[in-house]
$ cat upload.txt   # compact mmCIF, C-alpha atoms and all ligand atoms
# COMPACT_ATOMS: atom_id res chain seq x y z
CA MET D 1 -10.77 -6.13 2.40
CA ILE D 2 -7.19 -7.34 2.43
CA ARG D 3 -4.48 -4.69 2.08
CA GLU D 4 -0.86 -4.11 3.02
CA MET D 5 -0.16 -3.45 6.70
CA THR D 6 0.96 0.06 7.64
CA ARG D 7 2.37 1.58 10.84
CA ASP D 8 -1.15 2.83 11.69
CA ASP D 9 -2.23 -0.80 12.12
CA LEU D 10 0.42 -1.56 14.75
CA PRO D 11 -1.61 -0.78 17.92
CA ALA D 12 -4.30 -3.28 16.89
CA VAL D 13 -1.73 -5.82 15.72
CA ASN D 14 0.34 -5.54 18.92
CA GLU D 15 -2.75 -6.10 21.03
CA ALA D 16 -3.71 -9.16 19.00
CA GLU D 17 -0.18 -10.63 19.22
CA ALA D 18 -0.14 -10.25 23.00
CA ASP D 19 -3.50 -11.97 23.26
CA LEU D 20 -3.01 -14.75 20.70
CA PHE D 21 0.68 -15.58 21.10
CA ALA D 22 1.11 -14.81 24.82
CA SER D 23 4.31 -16.85 25.22
CA SER D 24 6.04 -15.57 22.07
CA PRO D 25 4.43 -12.47 20.51
CA TRP D 26 6.28 -10.76 17.68
CA PRO D 27 7.61 -7.42 18.95
CA GLU D 28 6.52 -4.28 17.09
CA GLU D 29 10.01 -3.95 15.53
CA GLU D 30 9.51 -7.32 13.84
CA PHE D 31 6.40 -6.07 12.05
CA ILE D 32 8.18 -2.84 11.06
CA TYR D 33 11.10 -4.88 9.69
CA GLU D 34 8.72 -7.08 7.72
CA MET D 35 6.81 -4.07 6.41
CA GLU D 36 9.71 -1.82 5.49
CA SER D 37 12.95 -3.80 5.19
CA ASN D 38 12.38 -7.47 4.40
CA PRO D 39 12.34 -7.74 0.60
CA PHE D 40 10.90 -11.27 0.79
CA SER D 41 7.89 -10.40 2.92
CA ARG D 42 4.28 -9.67 2.01
CA LEU D 43 2.50 -8.48 5.17
CA VAL D 44 -1.23 -7.80 4.93
CA VAL D 45 -4.22 -7.07 7.15
CA TYR D 46 -7.86 -8.03 6.85
CA GLU D 47 -9.91 -4.90 7.53
CA GLU D 48 -13.66 -4.51 7.97
CA ASN D 49 -15.28 -1.07 8.36
CA GLY D 50 -11.92 0.46 9.25
CA THR D 51 -11.12 -2.15 11.90
CA VAL D 52 -8.25 -4.62 11.61
CA LEU D 53 -9.54 -8.13 12.33
CA GLY D 54 -6.61 -10.23 11.14
CA TYR D 55 -3.23 -10.29 9.46
CA ALA D 56 -0.83 -12.57 7.64
CA ASP D 57 2.80 -12.51 6.60
CA VAL D 58 4.06 -14.66 3.73
CA TRP D 59 7.70 -14.89 2.66
CA ILE D 60 8.55 -15.53 -0.96
CA THR D 61 12.09 -16.80 -1.45
CA TYR D 62 12.40 -17.81 -5.08
CA GLU D 63 10.48 -21.07 -5.56
CA GLN D 64 9.65 -21.44 -1.85
CA ALA D 65 6.92 -19.65 0.07
CA GLN D 66 6.62 -19.69 3.85
CA LEU D 67 3.70 -18.56 5.97
CA ALA D 68 5.49 -16.65 8.73
CA ASN D 69 2.39 -15.47 10.59
CA ILE D 70 -1.38 -15.70 10.37
CA ALA D 71 -3.81 -14.50 13.02
CA VAL D 72 -7.39 -13.39 13.52
CA LEU D 73 -8.61 -11.39 16.52
CA ARG D 74 -10.23 -13.78 18.98
CA ASN D 75 -13.66 -12.13 18.86
CA ALA D 76 -13.74 -12.60 15.06
CA TRP D 77 -12.82 -16.32 14.99
CA GLY D 78 -15.03 -18.71 13.06
CA ARG D 79 -16.26 -16.14 10.52
CA GLY D 80 -14.03 -17.24 7.65
CA ILE D 81 -11.42 -14.48 8.03
CA GLY D 82 -8.55 -16.93 8.57
CA SER D 83 -9.66 -18.72 5.41
CA ARG D 84 -9.74 -15.45 3.45
CA LEU D 85 -6.21 -14.60 4.59
CA MET D 86 -5.01 -18.11 3.74
CA GLU D 87 -6.54 -17.91 0.27
CA TYR D 88 -4.79 -14.57 -0.26
CA CYS D 89 -1.42 -16.04 0.76
CA ILE D 90 -1.84 -19.13 -1.43
CA ASP D 91 -2.85 -16.96 -4.39
CA TYR D 92 0.09 -14.62 -3.81
CA ALA D 93 2.53 -17.54 -3.63
CA VAL D 94 1.10 -19.15 -6.78
CA LYS D 95 1.33 -15.86 -8.68
CA SER D 96 4.92 -15.50 -7.46
CA GLY D 97 5.71 -18.83 -9.12
CA CYS D 98 6.34 -20.79 -5.91
CA GLU D 99 6.32 -24.59 -5.92
CA ASN D 100 5.13 -24.99 -2.34
CA LEU D 101 4.00 -23.12 0.75
CA SER D 102 5.25 -24.27 4.15
CA LEU D 103 4.62 -23.33 7.76
CA GLU D 104 5.29 -24.42 11.32
CA VAL D 105 2.48 -24.83 13.83
CA ARG D 106 2.36 -25.89 17.48
CA VAL D 107 1.31 -29.54 17.69
CA SER D 108 -1.40 -28.48 20.18
CA ASN D 109 -2.93 -25.83 17.89
CA GLN D 110 -5.79 -27.94 16.59
CA ARG D 111 -7.76 -24.98 15.33
CA ALA D 112 -4.94 -23.75 13.11
CA ILE D 113 -4.10 -27.30 11.97
CA ALA D 114 -7.76 -27.75 10.91
CA LEU D 115 -7.48 -24.57 8.84
CA TYR D 116 -4.26 -25.76 7.19
CA GLU D 117 -5.62 -29.24 6.44
CA LYS D 118 -8.69 -27.65 4.86
CA TYR D 119 -6.34 -25.96 2.38
CA GLY D 120 -4.40 -29.11 1.56
CA PHE D 121 -1.36 -28.74 3.83
CA ILE D 122 0.26 -32.07 4.70
CA LYS D 123 2.35 -32.80 7.79
CA ALA D 124 5.89 -33.28 6.52
CA ALA D 125 7.97 -33.46 9.72
CA VAL D 126 8.02 -32.72 13.42
CA ARG D 127 10.49 -30.14 14.68
CA ARG D 128 11.31 -31.14 18.25
CA ASN D 129 11.47 -28.38 20.92
CA TYR D 130 10.82 -25.79 18.22
CA TYR D 131 9.24 -23.22 20.53
CA GLU D 132 10.88 -21.48 23.48
CA ASP D 133 8.61 -23.29 25.92
CA GLY D 134 9.75 -26.65 24.51
CA GLU D 135 6.65 -27.50 22.47
CA ASP D 136 7.16 -29.34 19.18
CA ALA D 137 6.09 -27.90 15.82
CA ASP D 138 4.57 -29.69 12.88
CA LEU D 139 6.16 -28.65 9.60
CA MET D 140 3.29 -28.56 7.10
CA ILE D 141 3.64 -28.16 3.34
CA LYS D 142 1.19 -27.45 0.55
CA PRO D 143 2.28 -28.18 -3.03
CA LEU D 144 1.21 -25.32 -5.29
CA GLY D 145 1.14 -27.02 -8.65
CA GLY D 146 4.65 -26.23 -9.81
CA LEU D 147 5.52 -29.89 -9.31
CA LEU D 148 5.13 -32.60 -11.92
CA ASP D 149 2.35 -35.13 -11.54
CA ASP D 150 2.24 -38.58 -13.14
CA SER D 151 0.49 -37.30 -16.25
CA ASP D 152 3.48 -35.11 -17.04
CA ILE D 153 5.90 -38.01 -17.10
CA SER D 154 6.34 -40.31 -20.11
CA TYR D 155 8.12 -43.60 -19.39
C1 LIG U 1 -6.15 -20.21 13.38
C2 LIG U 1 -6.93 -18.93 13.06
C3 LIG U 1 -6.08 -18.02 12.19
C4 LIG U 1 -8.21 -19.33 12.30
O1 LIG U 1 -8.91 -18.12 11.97
P1 LIG U 1 -10.50 -18.10 11.79
O2 LIG U 1 -10.88 -16.76 11.23
O3 LIG U 1 -11.17 -18.53 13.02
O4 LIG U 1 -10.67 -19.20 10.66
P2 LIG U 1 -11.98 -19.55 9.81
O5 LIG U 1 -13.20 -18.93 10.43
O6 LIG U 1 -11.69 -19.23 8.39
O7 LIG U 1 -12.05 -21.11 10.01
C5 LIG U 1 -11.08 -21.89 9.35
C6 LIG U 1 -11.18 -23.33 9.78
O8 LIG U 1 -10.82 -23.45 11.14
C7 LIG U 1 -11.52 -24.57 11.67
N1 LIG U 1 -12.39 -24.14 12.76
C8 LIG U 1 -13.30 -23.15 12.77
N2 LIG U 1 -13.91 -23.10 13.95
C9 LIG U 1 -13.38 -24.09 14.70
C10 LIG U 1 -13.59 -24.53 16.03
N3 LIG U 1 -14.51 -23.99 16.84
N4 LIG U 1 -12.82 -25.55 16.49
C11 LIG U 1 -11.90 -26.14 15.69
N5 LIG U 1 -11.67 -25.75 14.43
C12 LIG U 1 -12.39 -24.74 13.95
C13 LIG U 1 -12.34 -25.15 10.56
O9 LIG U 1 -11.59 -26.11 9.85
C14 LIG U 1 -12.55 -23.94 9.70
O10 LIG U 1 -12.89 -24.20 8.40
P3 LIG U 1 -14.48 -24.41 8.04
O11 LIG U 1 -15.26 -23.38 8.77
O12 LIG U 1 -14.55 -24.25 6.56
O13 LIG U 1 -14.78 -25.79 8.50
C15 LIG U 1 -7.37 -18.21 14.36
O14 LIG U 1 -8.05 -19.12 15.18
C16 LIG U 1 -6.22 -17.60 15.14
O15 LIG U 1 -5.83 -16.46 14.89
N6 LIG U 1 -5.68 -18.34 16.12
C17 LIG U 1 -4.61 -17.79 16.98
C18 LIG U 1 -3.35 -17.51 16.21
C19 LIG U 1 -2.80 -18.78 15.63
O16 LIG U 1 -2.81 -19.83 16.24
N7 LIG U 1 -2.27 -18.64 14.41
C20 LIG U 1 -1.62 -19.75 13.72
C21 LIG U 1 -0.23 -19.89 14.17
S1 LIG U 1 0.60 -21.21 13.29

$ encode --input "upload.txt" --output "C-alpha cells"
Amino acid sequence: MIREMTRDDLPAVNEAEADLFASSPWPEEEFIYEMESNPFSRLVVYEENGTVLGYADVWITYEQAQLANIAVLRNAWGRGIGSRLMEYCIDYAVKSGCENLSLEVRVSNQRAIALYEKYGFIKAAVRRNYYEDGEDADLMIKPLGGLLDDSDISY
C-alpha cells in the first residue's frame, strides 16, 4: 500500500538514500522538513507487510507539479513498485489540477529514464553540471491534460 511517510519510516529511508544516492543522499532533516513543514510536498512510502520498499515526494505548486524524489530499495527493483509510486504521483498531480509534472534525472540513469519514458515524460532540456559531481541532468516533463490540444481550438 501507499501511505504518507512518518518519522518511524526514517531508518529504512535513510538506509535506502545512502545506498541509492551515494554521492548526494537527502539528509534526514530534509525528509522531516518535507513531511512536517513544506506545504507543497506530498511524501509517501510504498509498504508491503510492514516493510518500506520505496518512497516518492511530489511538490504541487499551483499548476506545476515536480517529482522531487522517487526511489525503490535495490532488492525490490523490477517488481513494478517504481511504477506504482509514479502512478500515485501522476494521479495526485492530476487531482491537484496541475498542467504538467516535471523532474530532473542524471543523464546516466537509464533505468529511471526508462521508467519516465514509459509514463510519457519527454526530455525538454539538459541542465549542465546540475549535480555536485558535475553530471548533467535531463529535465523531463509530462503534460497532464490541462493543456489544449488541436481539437479544442477553432480557427
Ligand atoms: C528508478 C527506480 C525508481 C525504478 O523502480 P522499479 O521498482 O525498479 O521500477 P519498475 O519495476 O516499476 O520498472 C519500471 C520500468 O523501469 C524499467 N526497467 C525495469 N527493469 C529494468 C532493467 N533491468 N534495466 C533497465 N530498465 C528497467 C522498465 O521500463 C520498467 O517498466 P516495465 O517493466 O513496464 O518495462 C529504481 O530503480 C530506483 O530506485 N533507482 C535508484 C534511485 C533513482 O535513480 N531514482 C530516480 C532518481 S531521478

$ atom_distance --input "upload.txt" --atom1 "CA of Thr51 (chain D)" --atom2 "CA of Ala12 (chain D)"
8.5 Å

$ residues_near_ligand --input "upload.txt" --ligand "ligand LIG 1 (chain U)" --cutoff "7 Å" --atoms "all atoms listed in the file" --output "JSON, numbers by chain"
{"D": [20, 21, 69, 70, 71, 72, 73, 74, 76, 77, 78, 79, 80, 81, 82, 83, 84, 104, 105, 106, 109, 110, 111, 112, 114, 115, 118]}

$ atom_distance --input "upload.txt" --atom1 "CA of Arg3 (chain D)" --atom2 "CA of Ala93 (chain D)"
15.7 Å

$ closest_residue --input "upload.txt" --among "D:Ser24, D:Asn100, D:Thr6, D:Asn49" --to "Tyr62 (chain D)" --atoms "only C-alpha atoms"
D:Asn100

$ residues_around --input "upload.txt" --residues "Ile141 (chain D)" --least-positions-apart "4" --cutoff "12 Å" --atoms "only C-alpha atoms" --output "list of chain:residue names"
D:Gln64, D:Ala65, D:Gln66, D:Leu67, D:Ile90, D:Glu99, D:Asn100, D:Leu101, D:Ser102, D:Leu103, D:Glu104, D:Val105, D:Ile113, D:Tyr116, D:Glu117, D:Tyr119, D:Gly120, D:Phe121, D:Ile122, D:Lys123, D:Ala124, D:Ala125, D:Val126

$ residues_around --input "upload.txt" --residues "Val13 (chain D)" --least-positions-apart "4" --cutoff "12 Å" --atoms "only C-alpha atoms" --output "compact mmCIF listing (two decimals) with C-alpha atoms, in the coordinates of the input"
# COMPACT_ATOMS: atom_id res chain seq x y z
CA MET D 5 -0.16 -3.45 6.70
CA THR D 6 0.96 0.06 7.64
CA ARG D 7 2.37 1.58 10.84
CA ASP D 8 -1.15 2.83 11.69
CA ASP D 9 -2.23 -0.80 12.12
CA GLU D 17 -0.18 -10.63 19.22
CA ALA D 18 -0.14 -10.25 23.00
CA ASP D 19 -3.50 -11.97 23.26
CA LEU D 20 -3.01 -14.75 20.70
CA PHE D 21 0.68 -15.58 21.10
CA PRO D 25 4.43 -12.47 20.51
CA TRP D 26 6.28 -10.76 17.68
CA PRO D 27 7.61 -7.42 18.95
CA GLU D 28 6.52 -4.28 17.09
CA GLU D 29 10.01 -3.95 15.53
CA GLU D 30 9.51 -7.32 13.84
CA PHE D 31 6.40 -6.07 12.05
CA ILE D 32 8.18 -2.84 11.06
CA LEU D 43 2.50 -8.48 5.17
CA VAL D 44 -1.23 -7.80 4.93
CA VAL D 45 -4.22 -7.07 7.15
CA TYR D 46 -7.86 -8.03 6.85
CA GLU D 47 -9.91 -4.90 7.53
CA THR D 51 -11.12 -2.15 11.90
CA VAL D 52 -8.25 -4.62 11.61
CA LEU D 53 -9.54 -8.13 12.33
CA GLY D 54 -6.61 -10.23 11.14
CA TYR D 55 -3.23 -10.29 9.46
CA ALA D 56 -0.83 -12.57 7.64
CA ASN D 69 2.39 -15.47 10.59
CA ILE D 70 -1.38 -15.70 10.37
CA ALA D 71 -3.81 -14.50 13.02
CA VAL D 72 -7.39 -13.39 13.52
CA LEU D 73 -8.61 -11.39 16.52

$ atom_distance --input "upload.txt" --atom1 "CA of Pro143 (chain D)" --atom2 "CA of Cys98 (chain D)"
8.9 Å

$ residues_around --input "upload.txt" --residues "Arg42 (chain D)" --least-positions-apart "5" --cutoff "9 Å" --atoms "all atoms listed in the file" --output "list of chain:residue names"
D:Glu4, D:Met5, D:Glu34, D:Met35, D:Ala56, D:Asp57, D:Val58, D:Trp59, D:Ile60, D:Cys89, D:Tyr92

$ residues_around --input "upload.txt" --residues "Arg127 (chain D)" --least-positions-apart "5" --cutoff "9 Å" --atoms "all atoms listed in the file" --output "JSON, numbers by chain"
{"D": [104, 136, 137, 138, 139]}

$ axis_aligned_box --input "upload.txt" --around "region 74-89 of chain D" --padding-each-side "4 Å" --output "AutoDock Vina command-line options"
--center_x -8.8 --center_y -15.4 --center_z 9.4 --size_x 22.8 --size_y 14.6 --size_z 27.2

$ closest_residue --input "upload.txt" --among "D:Asn75, D:Phe40, D:Ile2, D:Met140" --to "Ala16 (chain D)" --atoms "all atoms listed in the file"
D:Asn75

$ closest_residue --input "upload.txt" --among "D:Glu135, D:Met86, D:Met1, D:Lys95" --to "Val107 (chain D)" --atoms "all atoms listed in the file"
D:Glu135
